[in-house]
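For reference, structure06.txt (compact mmCIF, C-alpha atoms):
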```txt
# COMPACT_ATOMS: atom_id res chain seq x y z
CA MET A 1 23.24 100.56 15.19
CA THR A 2 26.60 99.24 16.35
CA ASP A 3 29.25 97.98 13.95
CA THR A 4 28.79 94.45 15.34
CA ALA A 5 25.04 94.54 14.69
CA GLN A 6 25.60 95.84 11.17
CA THR A 7 28.13 93.09 10.49
CA LEU A 8 25.71 90.44 11.71
CA ARG A 9 22.98 91.86 9.48
CA ALA A 10 25.40 91.87 6.54
CA MET A 11 26.20 88.22 7.22
CA LEU A 12 22.50 87.34 7.15
CA TRP A 13 22.07 89.15 3.84
CA MET A 14 25.10 87.29 2.47
CA ILE A 15 23.53 83.96 3.46
CA GLY A 16 20.61 85.02 1.28
CA ALA A 17 22.96 85.92 -1.56
CA ILE A 18 24.83 82.60 -1.34
CA ALA A 19 21.56 80.64 -1.27
CA SER A 20 20.22 82.60 -4.27
CA PHE A 21 23.34 82.25 -6.42
CA THR A 22 23.50 78.54 -5.61
CA ALA A 23 19.80 78.04 -6.36
CA MET A 24 20.21 79.79 -9.71
CA ALA A 25 23.08 77.47 -10.68
CA VAL A 26 21.13 74.33 -9.74
CA ALA A 27 18.00 75.60 -11.51
CA GLY A 28 20.02 76.54 -14.61
CA ARG A 29 21.36 73.02 -14.88
CA ALA A 30 17.87 71.57 -14.30
CA VAL A 31 16.27 73.44 -17.22
CA SER A 32 19.19 73.06 -19.62
CA PHE A 33 17.92 69.65 -20.74
CA GLU A 34 14.83 71.25 -22.31
CA LEU A 35 15.80 74.88 -23.02
CA ASP A 36 18.83 76.49 -24.62
CA THR A 37 20.63 79.37 -22.90
CA PHE A 38 18.86 82.05 -24.97
CA GLU A 39 15.48 80.68 -23.93
CA ILE A 40 16.58 80.51 -20.29
CA MET A 41 17.71 84.14 -20.42
CA MET A 42 14.50 85.20 -22.18
CA TYR A 43 12.25 83.68 -19.54
CA ARG A 44 14.49 84.87 -16.70
CA SER A 45 14.39 88.44 -18.00
CA LEU A 46 10.64 88.45 -18.61
CA ILE A 47 10.07 87.30 -15.02
CA GLY A 48 12.50 90.00 -13.90
CA VAL A 49 10.63 92.72 -15.81
CA VAL A 50 7.41 91.82 -14.00
CA ILE A 51 9.11 91.79 -10.59
CA VAL A 52 10.94 95.11 -11.15
CA MET A 53 7.83 96.91 -12.44
CA VAL A 54 5.58 95.62 -9.65
CA VAL A 55 8.09 96.56 -6.93
CA ALA A 56 8.90 99.94 -8.51
CA SER A 57 5.18 100.77 -8.80
CA ALA A 58 4.45 99.69 -5.24
CA THR A 59 7.34 101.69 -3.78
CA GLY A 60 6.93 104.80 -5.93
CA HIS A 61 10.26 104.42 -7.73
CA LEU A 62 9.01 104.40 -11.34
CA LYS A 63 10.18 108.02 -11.57
CA ASP A 64 13.76 106.78 -11.12
CA ILE A 65 13.70 105.25 -14.62
CA THR A 66 15.35 107.73 -17.00
CA ARG A 67 16.64 107.70 -20.57
CA ARG A 68 20.05 109.06 -19.67
CA HIS A 69 23.12 107.06 -20.67
CA LEU A 70 21.24 104.64 -22.91
CA GLY A 71 24.49 103.81 -24.67
CA VAL A 72 26.14 102.70 -21.43
CA GLN A 73 23.00 100.76 -20.46
CA PHE A 74 23.12 98.96 -23.81
CA ILE A 75 26.82 98.06 -23.51
CA ARG A 76 26.33 96.91 -19.91
CA ASN A 77 23.48 94.62 -20.81
CA ILE A 78 25.11 93.20 -23.93
CA ALA A 79 28.05 92.24 -21.71
CA HIS A 80 25.86 90.81 -18.96
CA PHE A 81 23.60 88.95 -21.39
CA THR A 82 26.64 87.40 -23.09
CA GLY A 83 28.27 86.51 -19.80
CA GLN A 84 25.11 85.01 -18.36
CA ASN A 85 24.57 82.84 -21.45
CA LEU A 86 28.17 81.62 -21.27
CA TRP A 87 27.73 80.97 -17.52
CA PHE A 88 24.56 78.91 -18.03
CA PHE A 89 26.30 76.92 -20.77
CA ALA A 90 29.37 76.28 -18.61
CA LEU A 91 27.12 74.92 -15.84
CA THR A 92 26.15 72.04 -18.12
CA VAL A 93 29.63 70.93 -19.21
CA ILE A 94 32.05 71.36 -16.29
CA PRO A 95 31.76 70.85 -12.50
CA LEU A 96 29.80 73.52 -10.64
CA ALA A 97 32.78 74.34 -8.39
CA GLN A 98 34.98 75.05 -11.42
CA VAL A 99 32.37 77.44 -12.84
CA PHE A 100 32.13 79.33 -9.56
CA ALA A 101 35.92 79.46 -9.12
CA LEU A 102 36.36 81.04 -12.55
CA GLU A 103 33.44 83.39 -11.93
CA PHE A 104 35.31 84.82 -8.93
CA THR A 105 37.98 86.12 -11.33
CA SER A 106 35.66 88.95 -12.45
CA PRO A 107 37.19 91.47 -9.99
CA ILE A 108 40.66 90.50 -11.26
CA TRP A 109 39.57 91.30 -14.81
CA VAL A 110 38.22 94.62 -13.53
CA LEU A 111 41.73 95.43 -12.24
CA VAL A 112 43.23 94.61 -15.64
CA LEU A 113 40.63 96.42 -17.76
CA SER A 114 39.85 99.46 -15.57
CA PRO A 115 42.87 101.50 -16.78
CA PHE A 116 41.46 101.26 -20.31
CA VAL A 117 37.75 101.59 -19.49
CA LEU A 118 37.62 103.77 -16.36
CA GLY A 119 40.99 105.51 -16.65
CA GLU A 120 42.14 104.15 -13.28
CA ARG A 121 45.84 103.69 -12.55
CA MET A 122 47.40 100.21 -12.37
CA THR A 123 49.26 100.35 -9.05
CA PRO A 124 51.82 97.80 -7.84
CA THR A 125 49.20 96.51 -5.36
CA ARG A 126 46.66 95.96 -8.11
CA ALA A 127 49.27 94.33 -10.34
CA THR A 128 50.15 91.92 -7.50
CA ALA A 129 46.48 91.12 -6.94
CA ALA A 130 46.01 90.47 -10.65
CA ALA A 131 49.07 88.21 -10.73
CA LEU A 132 47.71 86.14 -7.83
CA GLY A 133 44.36 85.88 -9.58
CA PHE A 134 45.84 84.73 -12.85
CA ALA A 135 47.97 82.15 -11.05
CA GLY A 136 44.73 80.84 -9.59
CA ILE A 137 43.14 80.73 -13.05
CA LEU A 138 46.03 78.61 -14.35
CA ILE A 139 45.62 76.16 -11.49
CA VAL A 140 41.84 75.90 -11.95
CA ALA A 141 42.09 75.52 -15.73
CA ARG A 142 45.38 73.56 -15.76
CA PRO A 143 46.14 74.34 -19.42
CA PHE A 144 49.56 72.70 -19.28
CA GLY A 145 48.41 69.34 -17.95
CA SER A 146 47.63 66.16 -19.81
CA GLU A 147 44.16 67.42 -20.71
CA THR A 148 43.56 70.39 -22.96
CA VAL A 149 41.38 73.24 -21.77
CA GLY A 150 37.81 72.31 -22.65
CA ILE A 151 35.02 74.49 -23.98
CA GLY A 152 33.44 74.63 -20.51
CA VAL A 153 36.51 76.25 -18.93
CA ILE A 154 36.82 78.68 -21.85
CA THR A 155 33.17 79.76 -21.65
CA ALA A 156 33.31 80.13 -17.85
CA ALA A 157 36.44 82.28 -18.13
CA LEU A 158 34.89 84.42 -20.88
CA ALA A 159 31.77 84.80 -18.73
CA ALA A 160 33.98 86.25 -15.97
CA VAL A 161 35.41 88.80 -18.44
CA CYS A 162 31.88 89.79 -19.47
CA PHE A 163 30.87 90.14 -15.82
CA ALA A 164 33.90 92.39 -15.28
CA ILE A 165 32.68 94.69 -18.07
CA THR A 166 29.27 94.63 -16.40
CA ILE A 167 30.83 95.67 -13.07
CA MET A 168 32.71 98.58 -14.65
CA THR A 169 29.73 99.91 -16.60
CA THR A 170 27.53 99.53 -13.52
CA LYS A 171 30.06 101.59 -11.59
CA ARG A 172 29.72 104.35 -14.18
CA LEU A 173 25.92 104.20 -14.10
CA THR A 174 25.65 104.34 -10.31
CA ARG A 175 27.21 107.80 -10.41
CA SER A 176 23.93 109.20 -11.74
CA GLU A 177 21.30 106.41 -11.89
CA LYS A 178 19.20 104.72 -9.21
CA ILE A 179 19.14 100.95 -8.74
CA THR A 180 15.55 100.80 -10.09
CA CYS A 181 16.67 102.35 -13.38
CA ILE A 182 19.61 99.94 -13.71
CA LEU A 183 17.43 96.90 -12.94
CA PHE A 184 14.73 98.09 -15.36
CA TYR A 185 17.14 98.20 -18.29
CA LEU A 186 18.82 94.99 -17.09
CA THR A 187 15.55 93.08 -17.40
CA THR A 188 13.92 94.80 -20.38
CA LEU A 189 16.94 94.94 -22.68
CA GLN A 190 17.91 91.36 -21.92
CA ALA A 191 14.33 90.23 -22.49
CA VAL A 192 14.54 91.79 -25.96
CA PHE A 193 17.92 90.14 -26.62
CA GLY A 194 16.56 86.81 -25.41
CA ILE A 195 13.43 86.97 -27.57
CA ALA A 196 15.48 87.92 -30.65
CA LEU A 197 18.08 85.18 -30.24
CA ALA A 198 15.78 82.46 -28.92
CA GLY A 199 13.32 83.08 -31.75
CA TYR A 200 15.68 83.66 -34.67
CA ASP A 201 14.86 80.20 -36.00
CA GLY A 202 11.12 80.61 -35.39
CA ASP A 203 11.14 77.96 -32.65
CA ILE A 204 10.89 79.01 -29.01
CA ALA A 205 10.33 76.16 -26.59
CA LEU A 206 7.56 76.76 -24.09
CA PRO A 207 8.18 75.89 -20.43
CA SER A 208 6.91 72.49 -19.40
CA ALA A 209 5.36 71.64 -16.05
CA THR A 210 8.84 70.49 -15.01
CA THR A 211 10.84 73.53 -16.13
CA ALA A 212 8.36 76.30 -15.23
CA PRO A 213 9.09 76.24 -11.46
CA TRP A 214 12.82 76.18 -12.13
CA LEU A 215 12.52 79.20 -14.46
CA LEU A 216 10.57 81.09 -11.82
CA LEU A 217 13.34 80.26 -9.35
CA ILE A 218 16.01 81.53 -11.78
CA GLY A 219 14.13 84.79 -12.35
CA CYS A 220 13.59 85.46 -8.65
CA ALA A 221 16.98 84.18 -7.43
CA GLY A 222 18.95 86.37 -9.85
CA LEU A 223 17.35 89.58 -8.58
CA ILE A 224 17.36 88.50 -4.93
CA ALA A 225 21.05 87.55 -5.06
CA HIS A 226 22.17 90.95 -6.33
CA PHE A 227 19.83 92.77 -3.93
CA CYS A 228 21.22 90.80 -0.96
CA LEU A 229 24.82 91.38 -2.05
CA THR A 230 24.26 95.12 -2.56
CA THR A 231 22.51 95.42 0.83
CA ALA A 232 25.32 93.54 2.59
CA LEU A 233 27.91 95.88 1.06
CA SER A 234 25.91 98.87 2.33
CA LEU A 235 26.03 97.48 5.88
CA ALA A 236 29.60 96.20 6.14
CA PRO A 237 32.98 96.78 4.45
CA ALA A 238 33.94 94.73 1.42
CA THR A 239 36.70 93.14 3.54
CA VAL A 240 33.91 91.51 5.56
CA VAL A 241 31.49 90.74 2.74
CA VAL A 242 33.90 89.23 0.20
CA PRO A 243 35.15 86.36 2.42
CA ILE A 244 31.53 85.45 3.17
CA ASP A 245 30.65 85.53 -0.52
CA PHE A 246 33.53 83.15 -1.19
CA ALA A 247 31.68 80.55 0.88
CA ARG A 248 29.67 79.97 -2.30
CA LEU A 249 32.52 77.83 -3.62
CA PRO A 250 32.61 75.08 -0.95
CA VAL A 251 28.79 75.13 -0.80
CA ILE A 252 28.42 74.52 -4.55
CA ALA A 253 31.29 71.98 -4.47
CA LEU A 254 29.42 69.94 -1.83
CA ILE A 255 26.17 70.20 -3.81
CA GLY A 256 27.97 69.04 -6.94
CA ALA A 257 29.41 66.07 -5.07
CA ALA A 258 26.14 65.13 -3.37
CA PHE A 259 23.69 65.51 -6.25
CA TYR A 260 25.77 65.25 -9.44
CA ALA A 261 28.58 62.88 -8.37
CA GLU A 262 31.19 65.56 -9.14
CA ALA A 263 34.57 64.86 -7.60
CA LEU A 264 35.89 67.35 -5.04
CA ASP A 265 38.92 68.57 -7.01
CA VAL A 266 41.56 69.86 -4.60
CA TRP A 267 43.29 71.84 -7.37
CA VAL A 268 40.12 73.81 -8.09
CA LEU A 269 40.00 74.75 -4.40
CA VAL A 270 43.72 75.67 -4.36
CA GLY A 271 43.33 77.84 -7.45
CA ALA A 272 40.19 79.41 -6.02
CA LEU A 273 42.07 80.31 -2.82
CA LEU A 274 44.70 82.13 -4.88
CA ILE A 275 41.95 83.98 -6.77
CA PHE A 276 40.39 84.90 -3.43
CA ALA A 277 43.78 86.02 -2.09
CA GLY A 278 44.23 88.37 -5.05
CA ASN A 279 40.75 89.84 -4.62
CA TYR A 280 41.06 90.21 -0.86
CA PHE A 281 44.57 91.70 -1.01
CA ASN A 282 43.35 94.40 -3.38
CA ILE A 283 40.24 95.19 -1.29
CA TRP A 284 42.28 95.27 1.94
CA SER A 285 44.85 97.59 0.38
CA GLU A 286 42.24 99.95 -1.08
CA THR A 287 40.37 100.04 2.25
CA ARG A 288 43.53 100.94 4.15
CA LYS A 289 44.31 103.62 1.58
CA LEU A 290 40.87 105.21 2.02
CA ALA A 291 41.19 105.06 5.80
CA HIS A 292 44.31 107.24 5.61
CA VAL A 293 42.81 109.83 3.28
```
So that I can check it, write out the structure of this file as C-alpha cells.
Amino acid sequence: MTDTAQTLRAMLWMIGAIASFTAMAVAGRAVSFELDTFEIMMYRSLIGVVIVMVVASATGHLKDITRRHLGVQFIRNIAHFTGQNLWFFALTVIPLAQVFALEFTSPIWVLVLSPFVLGERMTPTRATAAALGFAGILIVARPFGSETVGIGVITAALAAVCFAITIMTTKRLTRSEKITCILFYLTTLQAVFGIALAGYDGDIALPSATTAPWLLLIGCAGLIAHFCLTTALSLAPATVVVPIDFARLPVIALIGAAFYAEALDVWVLVGALLIFAGNYFNIWSETRKLAHV
C-alpha cells in the first residue's frame, strides 16, 4: 500500500475517532442530569467489559490477558478513572470547547512528567513545546482576568494531568502487554471502582429509558475512539494524525454553539492553537530526530 493510500485510510479512521470523542462528550452531558459521574463511569465500564470480552473471545485473544504488571495496571486505571470523572464533570459546568482545549494539554503534561516517571531527558525542544502549551493554558483559563478560574476549568485541567499519567503508564505496558490485556483491565478495574464509589451511599440510580441509549453510546464510543486513534497512528505518522485529531476542537465548538447556545470564544481557540503548536513542534522534532538515527 502506498504512503498516500495509508494516509487516506488514517484520515478516515481519524474521522471515526473525532465522531466518537464528540459523541461521548454530548452523551456525557445528556446523562449528567440524572446520573453522577461515578454512575456514568460504572455503566460505561460495564458495557466496555461486555464488548471487550465478546470481541476477545470471537477473535481468539483471551490468551493475551495476563497478570503481569498488575501494579502498573492499577495505577493506570486509577489515573484514567479519576481523569474521566473530572472530564465528565467539567462537561457540565464549562463550554465544551474549553474542556476539549484543556484536554489537549495531556501531551504537554507528559513532557513535564516523563523525566520523573519514565526517566526521559527534558531537552530544549521539549521545554519549548511545554512552554508553548502552558502559554495556551493561561489563555484558555485566563486566570489573571476579571473572572477567577472556576471549578470547571480546574477539573478539566486536572483531568488532562490524569490523562497524561494514563499515557505514560500505557507506554510502559505496551512494551510487554497486548491491547486486549490493557483494555480488559481498563474496563474491569474501572467497573469495580465505579460500583464502589457509585454505591458507597447505598443508592445507585438505574438508567431510565432516556439515559440508557446515551449510556450505551458512551460505552461504545469510548472504545471505538481509542481503537480508531490507535489504528490511525499505525497507518500514518503522528505529524499527520495529530493535526486531524485537533479538528475535534472546532467541531465541538460548533456543536456547543448550535445546541447549547455556547458562545464561540476566540481566546479559547487562540489558546488551543498555542497548545497545538507546542504538541506539534515536539512531535515534528522527535520525528526528524528518529529519521536521522
Contacts of stretch 269-285 of chain A at 8 Å (only C-alpha atoms; same-chain gap of 5+ positions) as a tab-separated table (two decimals) with C-alpha atoms, in the frame of the given file:
```tsv
chain	number	residue	atom	x	y	z
A	101	ALA	CA	35.92	79.46	-9.12
A	102	LEU	CA	36.36	81.04	-12.55
A	104	PHE	CA	35.31	84.82	-8.93
A	105	THR	CA	37.98	86.12	-11.33
A	107	PRO	CA	37.19	91.47	-9.99
A	108	ILE	CA	40.66	90.50	-11.26
A	125	THR	CA	49.20	96.51	-5.36
A	126	ARG	CA	46.66	95.96	-8.11
A	128	THR	CA	50.15	91.92	-7.50
A	129	ALA	CA	46.48	91.12	-6.94
A	130	ALA	CA	46.01	90.47	-10.65
A	131	ALA	CA	49.07	88.21	-10.73
A	132	LEU	CA	47.71	86.14	-7.83
A	133	GLY	CA	44.36	85.88	-9.58
A	134	PHE	CA	45.84	84.73	-12.85
A	135	ALA	CA	47.97	82.15	-11.05
A	136	GLY	CA	44.73	80.84	-9.59
A	137	ILE	CA	43.14	80.73	-13.05
A	138	LEU	CA	46.03	78.61	-14.35
A	139	ILE	CA	45.62	76.16	-11.49
A	140	VAL	CA	41.84	75.90	-11.95
A	238	ALA	CA	33.94	94.73	1.42
A	239	THR	CA	36.70	93.14	3.54
A	242	VAL	CA	33.90	89.23	0.20
A	243	PRO	CA	35.15	86.36	2.42
A	246	PHE	CA	33.53	83.15	-1.19
```
Task: Residue with smallest distance to A:Arg76 - pool A:Ala5, A:Met41, A:Ala27, A:Met168, counting all atoms listed in the file - done: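 Among A:Ala5, A:Met41, A:Ala27, A:Met168, it is A:Met168 that comes nearest to A:Arg76.
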Task: Pairwise distance for atom CA of A:Gly152 and atom CA of A:Pro95, rounded to one decimal in Å - done: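 If I compute the distance from atom CA of A:Gly152 to atom CA of A:Pro95, I get 9.0 Å.
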Open item on the list: Measuring between all atoms listed in the file, which one of A:Glu34, A:Arg44, A:Thr4, A:Thr231 shows the shortest distance to A:Ile195?
Closed with: A:Arg44
Task: Close residues, A:Ile179 itself excluded, 12 Å, all atoms listed in the file, min 3 positions apart in chain, as an MDAnalysis selection string - done: chainID A and resid 52 56 61:66 170:171 173:176 182:186 223 226:227 230:231
- [ ] State, in Å with one decimal place, the distance from atom CA of A:Thr169 to atom CA of A:Leu70.
- [x] 11.6 Å
- [ ] Quick one: everything within 8 Å of A:Val49, counting all atoms listed in the file, minus sequence neighbours fewer than 4 positions away in the same chain. Send it as a ChimeraX atom specification.
- [x] /A:45,53,184,187-188
Residue subset to file, keeping C-alpha atoms, as a compact mmCIF listing (two decimals), in the frame of the given file:
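Written out: again29.txt:
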```txt
# COMPACT_ATOMS: atom_id res chain seq x y z
CA SER A 45 14.39 88.44 -18.00
CA MET A 53 7.83 96.91 -12.44
CA PHE A 184 14.73 98.09 -15.36
CA THR A 187 15.55 93.08 -17.40
CA THR A 188 13.92 94.80 -20.38
```
Task: Shortest interatomic distance to A:Leu254 - which of A:Thr59, A:Ala127, A:Leu96, A:Leu206, counting all atoms listed in the file - done: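 The answer is A:Leu96, which sits nearest to A:Leu254.
When all atoms listed in the file are used to measure the gap to A:Ala236, the shortest distance among A:Val153, A:Ala23, A:Ala10, A:Ile255 belongs to A:Ala10.
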TODO: Report the distance between atom CA of A:Gln84 and atom CA of A:Pro207 in Å, rounded to one decimal place.
DONE: 19.3 Å
Task: Counting only C-alpha atoms, the residue of A:Thr166, A:Thr22, A:Gln6, A:Thr123 that sits nearest A:Thr82 - done: A:Thr166
